[in-house]
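Asker: Quick one: the structure is below, questions incoming.
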Amino acid sequence: MMESSRHGERATFQNCLKRLLKITHRDDVSSKTDINVLVDELIALDYSQKFVDEEDANNLIRHICKIIPVYEEQMSVKACQIIHSLTAKQQLSLEQQVLQSTTEFLISAVQRISHWATAEILQTLGAVVYENIDRLSQFHEVLLGSQGVLIPLIKENATSEDILKGAVQCVENLTFRVSSEDYMEDKYAAICFHTLLELLHRVPVANIESGIQCKILICSLRGLQNLLTATKIMPSENLGPLLAGIRAFMFHGLPGAPVSVPESLYPTPLSQYDPSPSSPTKPEPQTNDESSAKSGGPKKYKKKKAKKGAEAARNATAKSSQDKDEDENEETELPKSRAAESVSFRPNWAKISSSESEYSDTEGGQSSRLRSQHAKVRQCALACLHTTIKSINKRVMFGYWSSFIPDSIAAGNSPQVHTLFTVILKDPSPKCRMGALAALTALIDGTKTLMATADDSEQKFTTFVPFSAILASTIRELHRCLLLALVSENIPLTLTQLIKCISTLIGNVPYSRMRPGLLSRVVKQVRNFITYRDPNVRVACLTCLGAVAAIQPPLMEICHIIQPARPSSHTSVSRDIDHLNVDSGISSGNQSNSSPNTENSMIEESKENSSPGVRTPVGAHSGIQTPVYTEGSLNAHAHSVSWLVKLCVRNVLPHTSENGEHTEPLPVRLESLQVLAHLAKGYFPIIRNSLPVLLDLILKCYMDQDQVVRLHTSKLVDDLTQALQREVQSTELTDSSGRLSLQQVTEFWVSLLNGAITNILQTESNCAVKATTCDCVSNIAPQVYASLPVDKKVLCITLILGLTSDEDKIVRSSALRTVGVFVLFPCLKEDVCFVADAANAILTSMEDTCLNVRFKTAWSLANLCDALVMNKIEGDNDFMNDFSDLLLQKLFTTSIKACQDSDKVKSNAVRALGNILRYLPIRSLAKSSFRTSVENGVRALIKNISSGTMKLRWNACYAVSNMFKNTLLNFGGAPWTRDLMITLCGVVKDCKNFKVRINAALALGSPAERSHYGDCRLFAFVWESLVIALETSEDITDFAEFKYRNNLNNQICTSILHLVILLQAIDLDLLHQVFLERSQVIAVHFDRFRTSPQDSSSALTEADLIQAKDHLLTLLSGHMTEGQRSALCLLQQLCRIDENLNEEERVQEKSAFKEIYD
């Protein structure tokens, strides 16, 4: 029937089109009559079904605009109706020429035709320009200029309501940007922005019919949102007025909503109300009026019976869990009676179905339509707020938090205070609640550094409340209100967004500075939804639990959340997943949405379990890092499998239910694997006894058919094996702390290498899975590798070396990084065959076209050269004799060449170069090819010391200090010695980066003999440069360098002390003048140097002082001039040892710097 109707409409349309195309414009009655008849026939067609071809539509519109004169008002209006039907209803696009002629026709019609037809013409113009802003650049001035067609219609107070609505809709459609296409100029965007912003403040006080007012507001808000999305610019002077308008219309149509729009909002330090909690001994009585306001008024509709029992069960469970938690944490929450009232709070929209709330009205459809329009206004305002938050710097937006978020319980409960939670808790529209939650999520996201100042201490404030306390109060109120919404929300989409918002909050709050209890309450409420029927809600719950498990530093409260409910008397853990009592650790309160168990059994289970494992330790402080290795109660509980591990395992693996074997949807499985990865990374000591369960899970997931599951399994293995590596290598752990033995970790790796990892590395088609698994292999601890069976050792080496030539660049990068890790293993660095194989793989990969592969290869090359140096230091002559000079020459040449590559490659190439120069044995230096390479290598280091990134420069300086430790090199007589010393001296005096200067000073103090510094003039120049460097170390232009200042001073003084030990009498003639001019500077810094703590090297420093003092006494005993003797006396003063200096006088100075490669 519908198809035949469509054919009929198409035939009529094409017939009219053919007849109309034959008509040419003549100013006579007959011609006008024919046109009118045909146009009327076209208008009468049913355009709700698509039956017009794009080519026919363009031909029709082109001809209509040509034969109908603009001054014929009635015919022009009919033409507009046809154009609107074709563009808006049929959704046909216009050719460029047709678009331009149509736009010109409509603009002329607006300018010439009487006001009675303007509204309909504007409606058509809006449909034509929609998504065509990039194709109408020649009309921007006519349409959007201050003297154009649209802007005056909007700004004129005498404009009729329909015309105003049409003009605003046109502007909104013009602001819509088609992605990757040109947009309007900034001046037109600014005109549109100011015009629409002015409307937000003008419309509420204008005498406009409610329906039209809503449509104008919707168009204005959408237009502003389009502009913010398209231009990404927000003038700072417009932010306050924009937020004021948005905030007012967030509550449009809600009871008690503000009727006026303030001129502007201003940033405030979140202080509007007293943030101190009410006294728990004297709770304020709640009046009937307040209780009525909280509950959303009396019931008007009855709920369906099917949902009533489920809601009651969920409320009872949530209420009981929150009440119990408050008994344990009285100091952090409201009194129990008041909290119970808050939890049982149910707004109006939660008591009626969506159909009843939005469209049922005994007085007819007008009120329901108006309510729907009000909801659309609120929805647009919230969407505009979301876009605004995304467009504004987080620090700027942080100042407006008090306008959108309550900062105390008094503010959150007050009916006079409207915030985002007014919408979240009371708005009857689920879309509005979702919009408010999305805006709140954007507001919170990325504010971790801003929230870090919160301080939730128990201090009592009187007249002055610090900002940190206000911020902590705001954080507590965010938790309270979101959990309140979690109790009352029942729409799956909104519930998903709500839990995501809670996850974002958890990821940004500094819980280490908050009193305990917040996370326990969150987990209690979220656990009510972990078996919800909608998988999106379950995924959101797992994301939330993962956010909790990802909190660092580790908190005692989280350990009590993760640990099992009842400590088991048996310490063994079953490897059989099927025998895990999963349900005992999952549901603490479920609802009719849960599956597959019945509601009654869930409730009974919640009574028995009473939120297992989610208890806040009384008296514990969240800010105390978890003593996971010494806490006896935690270790006793950790002998059982955590409820969270059980939940994740149950979600990932197929399990039996009433309907047979059941597998969770893929997003649920992936999120469960991520939660396990977070647990392994941050709270491994709590779950270490679940290792057999996790191993069984990993082996099964590696055989899964879905490659995404295998990828997330690899990421879990990566985090888990890193935790095992830390456990094995940690020196702080004892056997009594419950740590895993080396044998247990070795058995874990043997199980993985028996098939799972081997199959992945050999047969996996997904490159990301293979690369991540390769990273996992690099996490084998050296002790574990040494304990592996020989066949497994050979297997690891064979697989990894083979993958260095894989087709995929990501796999090659991961394999080469693993080679760089393996080459430092004690049992492998002494193996000449493996080192040679690794060197050949590295040399081949240094020619790779991919930069990231070369970067990882250069890192491995530097590690390999580290291994060479370590073998030399340890006196492994057999290795040095067996290692090929030809291969060493190739490594040398490749390192020099890599110093000309990208900065990422060069920073590791100079590391390798410094190590090779330090390693070179005497037999190699006897060859001319090596002597040439030495000079080329030093020239490459000189170049990288003076230019490039700071990381490259300090690595190059450190490489030089490494090179100076090879006394076989002819430093003093080499032609490059002077250039090297002058370059280092320039850097130590003038470089703005103190880490570069520290390593330059280290290099200047590294030569072991006086002859290595060259002649007396060069030696004096080094002296003078170090003394000047002491002076310039006080000139700090970047405050970030301040923390390195003391390290710089100490290193310069250490290098000067080294020069004193090497000093010869002949050097004093040139140094005498330097000492006279700068003696005060040297004395001040050396006094500070002697009194500063030297940590483990303090004994060495005192030994150097004694050696320097003895050396100076030896020089004084010889024949000296008066100037030389004066210089020596000054140096003796510098090298004195303060024997009476107490340890208490050595002020500890913290620094993050370590003299090592980066």
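As shown in the structure tokens, the chain order sets the letters A, B, ...; within each chain, residues go from 1, and ligands are also counted from 1 in the order they appear.
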Within 12 Å of range 943-952 of chain A, which residues of range 861-932 of chain A come that close, and what is the closest atom pair and distance in Å for each? Count only C-alpha atoms and give it as a Markdown table.
Answerer:
```
| residue | atom | partner | partner_atom | distance |
| --- | --- | --- | --- | --- |
| A:Ile896 | CA | A:Asn944 | CA | 11.3 |
| A:Ala898 | CA | A:Asn944 | CA | 11.6 |
| A:Cys899 | CA | A:Asn944 | CA | 7.9 |
| A:Gln900 | CA | A:Asn944 | CA | 9.2 |
| A:Asp901 | CA | A:Asn944 | CA | 11.3 |
| A:Ser902 | CA | A:Gly948 | CA | 9.7 |
| A:Asp903 | CA | A:Leu952 | CA | 6.8 |
| A:Lys904 | CA | A:Leu952 | CA | 8.1 |
| A:Val905 | CA | A:Leu952 | CA | 9.2 |
| A:Lys906 | CA | A:Leu952 | CA | 6.7 |
| A:Ser907 | CA | A:Leu952 | CA | 4.4 |
| A:Asn908 | CA | A:Leu952 | CA | 8.0 |
| A:Ala909 | CA | A:Leu952 | CA | 9.3 |
| A:Val910 | CA | A:Leu952 | CA | 7.8 |
| A:Arg911 | CA | A:Leu952 | CA | 9.3 |
| A:Leu913 | CA | A:Asn944 | CA | 11.7 |
```
Asker: Write the residues of the selection above to a file with C-alpha atoms, as a PDB file, in the first residue's frame.
Answerer:
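Result file is again-v9.pdb:
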```pdb
ATOM      1  CA  ILE A 896      78.924   7.076  16.043  1.00  0.00           C
ATOM      2  CA  ALA A 898      73.512   6.886  15.463  1.00  0.00           C
ATOM      3  CA  CYS A 899      74.745  10.139  17.047  1.00  0.00           C
ATOM      4  CA  GLN A 900      73.545  11.844  13.857  1.00  0.00           C
ATOM      5  CA  ASP A 901      70.040  10.342  14.021  1.00  0.00           C
ATOM      6  CA  SER A 902      66.929  11.726  15.750  1.00  0.00           C
ATOM      7  CA  ASP A 903      67.302  13.111  19.280  1.00  0.00           C
ATOM      8  CA  LYS A 904      65.417  10.089  20.667  1.00  0.00           C
ATOM      9  CA  VAL A 905      68.040   7.793  19.133  1.00  0.00           C
ATOM     10  CA  LYS A 906      71.003  10.046  19.919  1.00  0.00           C
ATOM     11  CA  SER A 907      70.285  10.151  23.673  1.00  0.00           C
ATOM     12  CA  ASN A 908      70.982   6.398  23.829  1.00  0.00           C
ATOM     13  CA  ALA A 909      73.680   6.418  21.149  1.00  0.00           C
ATOM     14  CA  VAL A 910      75.885   8.679  23.281  1.00  0.00           C
ATOM     15  CA  ARG A 911      75.347   6.271  26.180  1.00  0.00           C
ATOM     16  CA  LEU A 913      79.517   5.544  22.785  1.00  0.00           C
TER      17      LEU A 913
END
```
Asker: What lies within 12 Å of Ala1108 in chain A using only C-alpha atoms, ignoring chain neighbours under 4 positions off, as a list in words?
Answerer: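 Contacts, in chain order: Thr1054, Ile1056, Leu1057, His1058, Leu1059, Val1060, Ile1061, Leu1062, Leu1063, Gln1064, Thr1101, Glu1102, Ala1103, Asp1104, Leu1112, Leu1113, Thr1114, Leu1115, Leu1128, Leu1131, Gln1132, Gln1133, Leu1134, Cys1135, Arg1136 and Ile1137 of chain A.
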Asker: When you look at Ser1033 in chain A with a cut-off of 9 Å (counting only C-alpha atoms), what residues show up, excluding the ones that are within fewer than 3 positions of it in the same chain? I need them as a list in words.
Answerer: Lys989, Phe994, Ile1028, Ala1029, Leu1030, Ile1036, Arg1045, Asn1046, Leu1048 and Asn1049 of chain A
Asker: Looking at A:Thr229, A:Gln1080, A:Ser93, A:Asn659, which one is nearest to Ser391 in chain A, with distances taken over only C-alpha atoms?
Answerer: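 Between A:Thr229, A:Gln1080, A:Ser93, A:Asn659, the residue approaching Ser391 in chain A most closely is A:Thr229.
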Asker: From the options A:Glu727, A:Glu72, A:Asp162, A:Asp979, which residue's atoms come nearest to Asp27 in chain A, counting only C-alpha atoms?
Answerer: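 Of all the options, A:Glu72 lies closest to Asp27 in chain A.
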Asker: Quick one: residues within 12 Å of Ser31 in chain A, only C-alpha atoms counted, chain neighbours fewer than 4 positions away excluded, as a list in words?
Answerer: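 The filter keeps Leu20, Lys22, Ile23, Thr24, His25, Arg26, Asp27, Ile35, Asn36, Val37, Leu38, Ile67, Ile68 and Met75 of chain A.
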Asker: I'd like the neighbourhood of Gln97 in chain A as a list in words, where a residue qualifies if any of its atoms comes within 12 Å (using only C-alpha atoms), though same-chain residues fewer than 2 positions away should be ignored.
Answerer: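 Residues near the query, excluding close chain neighbours: Asn58, Asn59, Ile61, Arg62, Cys65, Ser93, Leu94, Glu95, Leu99, Gln100, Ser101, Thr102, Thr103, Glu104, Arg135 and Leu136 of chain A.
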Asker: Those same residues - all heavy atoms - I'd like them written as a compact mmCIF listing (two decimals), in the first residue's frame.
Answerer:
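Writing the result to out_23.txt gives the following:
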```txt
# COMPACT_ATOMS: atom_id res chain seq x y z
N ASN A 58 16.62 19.51 -7.80
CA ASN A 58 17.45 20.66 -8.18
C ASN A 58 16.89 21.37 -9.41
O ASN A 58 16.87 22.61 -9.46
CB ASN A 58 18.88 20.19 -8.46
CG ASN A 58 19.69 20.01 -7.18
OD1 ASN A 58 20.22 20.97 -6.62
ND2 ASN A 58 19.77 18.77 -6.70
N ASN A 59 16.39 20.59 -10.36
CA ASN A 59 15.80 21.21 -11.55
C ASN A 59 14.56 22.03 -11.19
O ASN A 59 14.35 23.14 -11.70
CB ASN A 59 15.43 20.14 -12.58
CG ASN A 59 16.66 19.50 -13.19
OD1 ASN A 59 17.72 20.12 -13.25
ND2 ASN A 59 16.52 18.26 -13.65
N ILE A 61 13.71 23.40 -8.20
CA ILE A 61 14.02 24.60 -7.41
C ILE A 61 14.67 25.66 -8.29
O ILE A 61 14.37 26.86 -8.17
CB ILE A 61 14.93 24.22 -6.21
CG1 ILE A 61 14.17 23.31 -5.24
CG2 ILE A 61 15.44 25.46 -5.50
CD1 ILE A 61 15.02 22.76 -4.12
N ARG A 62 15.56 25.23 -9.17
CA ARG A 62 16.22 26.19 -10.05
C ARG A 62 15.19 26.91 -10.91
O ARG A 62 15.24 28.15 -11.07
CB ARG A 62 17.23 25.46 -10.95
CG ARG A 62 17.99 26.41 -11.88
CD ARG A 62 18.79 25.65 -12.92
NE ARG A 62 19.83 24.82 -12.33
CZ ARG A 62 19.82 23.48 -12.32
NH1 ARG A 62 18.78 22.81 -12.87
NH2 ARG A 62 20.79 22.79 -11.78
N CYS A 65 12.82 29.38 -8.83
CA CYS A 65 13.48 30.64 -8.48
C CYS A 65 13.64 31.55 -9.70
O CYS A 65 13.77 32.77 -9.55
CB CYS A 65 14.85 30.37 -7.87
SG CYS A 65 14.78 29.53 -6.27
N SER A 93 20.08 17.31 -0.97
CA SER A 93 21.11 18.35 -1.02
C SER A 93 21.03 19.08 -2.35
O SER A 93 20.65 18.50 -3.38
CB SER A 93 22.50 17.74 -0.84
OG SER A 93 22.76 16.79 -1.85
N LEU A 94 21.42 20.34 -2.32
CA LEU A 94 21.33 21.18 -3.51
C LEU A 94 22.70 21.32 -4.16
O LEU A 94 23.72 21.37 -3.47
CB LEU A 94 20.79 22.57 -3.13
CG LEU A 94 19.43 22.61 -2.44
CD1 LEU A 94 19.02 24.05 -2.16
CD2 LEU A 94 18.36 21.92 -3.29
N GLU A 95 22.69 21.40 -5.49
CA GLU A 95 23.93 21.68 -6.21
C GLU A 95 24.40 23.09 -5.88
O GLU A 95 23.61 23.94 -5.45
CB GLU A 95 23.70 21.54 -7.71
CG GLU A 95 23.28 20.14 -8.13
CD GLU A 95 22.86 20.08 -9.60
OE1 GLU A 95 22.88 21.15 -10.26
OE2 GLU A 95 22.50 18.98 -10.07
N LEU A 99 22.04 26.10 -4.98
CA LEU A 99 22.11 26.61 -3.60
C LEU A 99 22.29 28.12 -3.59
O LEU A 99 21.61 28.84 -2.84
CB LEU A 99 23.26 25.93 -2.86
CG LEU A 99 23.53 26.41 -1.43
CD1 LEU A 99 22.36 26.10 -0.52
CD2 LEU A 99 24.81 25.78 -0.89
N GLN A 100 23.17 28.61 -4.42
CA GLN A 100 23.41 30.05 -4.44
C GLN A 100 22.19 30.82 -4.95
O GLN A 100 21.80 31.84 -4.38
CB GLN A 100 24.63 30.34 -5.32
CG GLN A 100 25.93 29.83 -4.73
CD GLN A 100 27.13 30.15 -5.59
OE1 GLN A 100 27.01 30.81 -6.62
NE2 GLN A 100 28.30 29.67 -5.19
N SER A 101 21.58 30.32 -6.03
CA SER A 101 20.42 31.03 -6.57
C SER A 101 19.24 30.98 -5.60
O SER A 101 18.50 31.97 -5.44
CB SER A 101 20.02 30.43 -7.92
OG SER A 101 19.67 29.06 -7.77
N THR A 102 19.06 29.85 -4.92
CA THR A 102 17.98 29.72 -3.94
C THR A 102 18.20 30.65 -2.77
O THR A 102 17.26 31.33 -2.30
CB THR A 102 17.89 28.26 -3.45
OG1 THR A 102 17.76 27.40 -4.58
CG2 THR A 102 16.68 28.08 -2.55
N THR A 103 19.43 30.69 -2.25
CA THR A 103 19.74 31.57 -1.12
C THR A 103 19.51 33.03 -1.50
O THR A 103 18.95 33.81 -0.71
CB THR A 103 21.20 31.36 -0.67
OG1 THR A 103 21.41 29.97 -0.40
CG2 THR A 103 21.50 32.17 0.57
N GLU A 104 19.93 33.40 -2.70
CA GLU A 104 19.74 34.77 -3.16
C GLU A 104 18.25 35.10 -3.28
O GLU A 104 17.81 36.19 -2.90
CB GLU A 104 20.44 34.94 -4.52
CG GLU A 104 20.51 36.38 -4.98
CD GLU A 104 21.36 36.53 -6.24
OE1 GLU A 104 22.04 35.56 -6.62
OE2 GLU A 104 21.33 37.63 -6.82
N ARG A 135 29.68 26.51 1.92
CA ARG A 135 29.37 26.75 0.51
C ARG A 135 28.71 28.09 0.26
O ARG A 135 28.37 28.42 -0.86
CB ARG A 135 28.45 25.63 0.00
CG ARG A 135 29.06 24.24 0.15
CD ARG A 135 28.01 23.15 -0.06
NE ARG A 135 27.45 23.18 -1.40
CZ ARG A 135 26.37 22.50 -1.78
NH1 ARG A 135 25.73 21.73 -0.88
NH2 ARG A 135 25.94 22.57 -3.01
N LEU A 136 28.54 28.87 1.32
CA LEU A 136 27.82 30.15 1.20
C LEU A 136 28.68 31.32 1.67
O LEU A 136 28.17 32.28 2.25
CB LEU A 136 26.52 30.09 2.01
CG LEU A 136 25.48 29.08 1.55
CD1 LEU A 136 24.35 28.98 2.56
CD2 LEU A 136 24.93 29.47 0.17
```
Asker: Measuring between only C-alpha atoms, which one of A:Leu699, A:Leu505, A:Ala547, A:Ile409 shows the shortest distance to Asp445 in chain A?
Answerer: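 For Asp445 in chain A, the nearest of the candidates is A:Leu505.
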Asker: Applying 8 Å and only C-alpha atoms, which residues near Ile218 in chain A remain after dropping the ones on its own chain fewer than 4 positions away? List them as a ChimeraX atom specification.
Answerer: /A:214,222,376-377,380-381
Asker: Could you write those residues out with all heavy atoms, as a PDB file, in the first residue's frame?
Answerer:
```
ATOM      1  N   CYS A 214      10.506  28.743  24.435  1.00  0.00           N
ATOM      2  CA  CYS A 214      11.315  27.524  24.558  1.00  0.00           C
ATOM      3  C   CYS A 214      12.070  27.232  23.272  1.00  0.00           C
ATOM      4  O   CYS A 214      13.264  26.879  23.302  1.00  0.00           O
ATOM      5  CB  CYS A 214      10.426  26.338  24.925  1.00  0.00           C
ATOM      6  SG  CYS A 214       9.805  26.365  26.616  1.00  0.00           S
ATOM      7  N   ARG A 222      21.704  25.763  21.244  1.00  0.00           N
ATOM      8  CA  ARG A 222      22.355  24.901  20.255  1.00  0.00           C
ATOM      9  C   ARG A 222      23.355  25.688  19.411  1.00  0.00           C
ATOM     10  O   ARG A 222      24.440  25.191  19.079  1.00  0.00           O
ATOM     11  CB  ARG A 222      21.301  24.265  19.357  1.00  0.00           C
ATOM     12  CG  ARG A 222      20.540  23.104  19.998  1.00  0.00           C
ATOM     13  CD  ARG A 222      19.488  22.593  19.044  1.00  0.00           C
ATOM     14  NE  ARG A 222      18.757  21.456  19.591  1.00  0.00           N
ATOM     15  CZ  ARG A 222      17.643  20.957  19.063  1.00  0.00           C
ATOM     16  NH1 ARG A 222      17.143  21.507  17.954  1.00  0.00           N
ATOM     17  NH2 ARG A 222      17.032  19.920  19.612  1.00  0.00           N
ATOM     18  N   LYS A 376      13.501  19.947  26.863  1.00  0.00           N
ATOM     19  CA  LYS A 376      14.449  20.147  25.766  1.00  0.00           C
ATOM     20  C   LYS A 376      15.342  21.353  26.033  1.00  0.00           C
ATOM     21  O   LYS A 376      16.528  21.341  25.705  1.00  0.00           O
ATOM     22  CB  LYS A 376      13.696  20.311  24.447  1.00  0.00           C
ATOM     23  CG  LYS A 376      13.108  19.012  23.912  1.00  0.00           C
ATOM     24  CD  LYS A 376      12.398  19.233  22.593  1.00  0.00           C
ATOM     25  CE  LYS A 376      11.782  17.930  22.069  1.00  0.00           C
ATOM     26  NZ  LYS A 376      11.027  18.141  20.808  1.00  0.00           N
ATOM     27  N   VAL A 377      14.769  22.409  26.622  1.00  0.00           N
ATOM     28  CA  VAL A 377      15.581  23.583  26.980  1.00  0.00           C
ATOM     29  C   VAL A 377      16.652  23.171  27.982  1.00  0.00           C
ATOM     30  O   VAL A 377      17.833  23.521  27.838  1.00  0.00           O
ATOM     31  CB  VAL A 377      14.699  24.709  27.551  1.00  0.00           C
ATOM     32  CG1 VAL A 377      15.566  25.841  28.094  1.00  0.00           C
ATOM     33  CG2 VAL A 377      13.752  25.247  26.490  1.00  0.00           C
ATOM     34  N   CYS A 380      19.331  21.098  26.270  1.00  0.00           N
ATOM     35  CA  CYS A 380      20.240  21.917  25.450  1.00  0.00           C
ATOM     36  C   CYS A 380      21.183  22.729  26.327  1.00  0.00           C
ATOM     37  O   CYS A 380      22.365  22.902  25.997  1.00  0.00           O
ATOM     38  CB  CYS A 380      19.437  22.836  24.531  1.00  0.00           C
ATOM     39  SG  CYS A 380      18.570  21.975  23.207  1.00  0.00           S
ATOM     40  N   ALA A 381      20.675  23.255  27.443  1.00  0.00           N
ATOM     41  CA  ALA A 381      21.529  24.021  28.352  1.00  0.00           C
ATOM     42  C   ALA A 381      22.631  23.145  28.924  1.00  0.00           C
ATOM     43  O   ALA A 381      23.798  23.560  29.011  1.00  0.00           O
ATOM     44  CB  ALA A 381      20.681  24.620  29.474  1.00  0.00           C
TER      45      ALA A 381
END
```
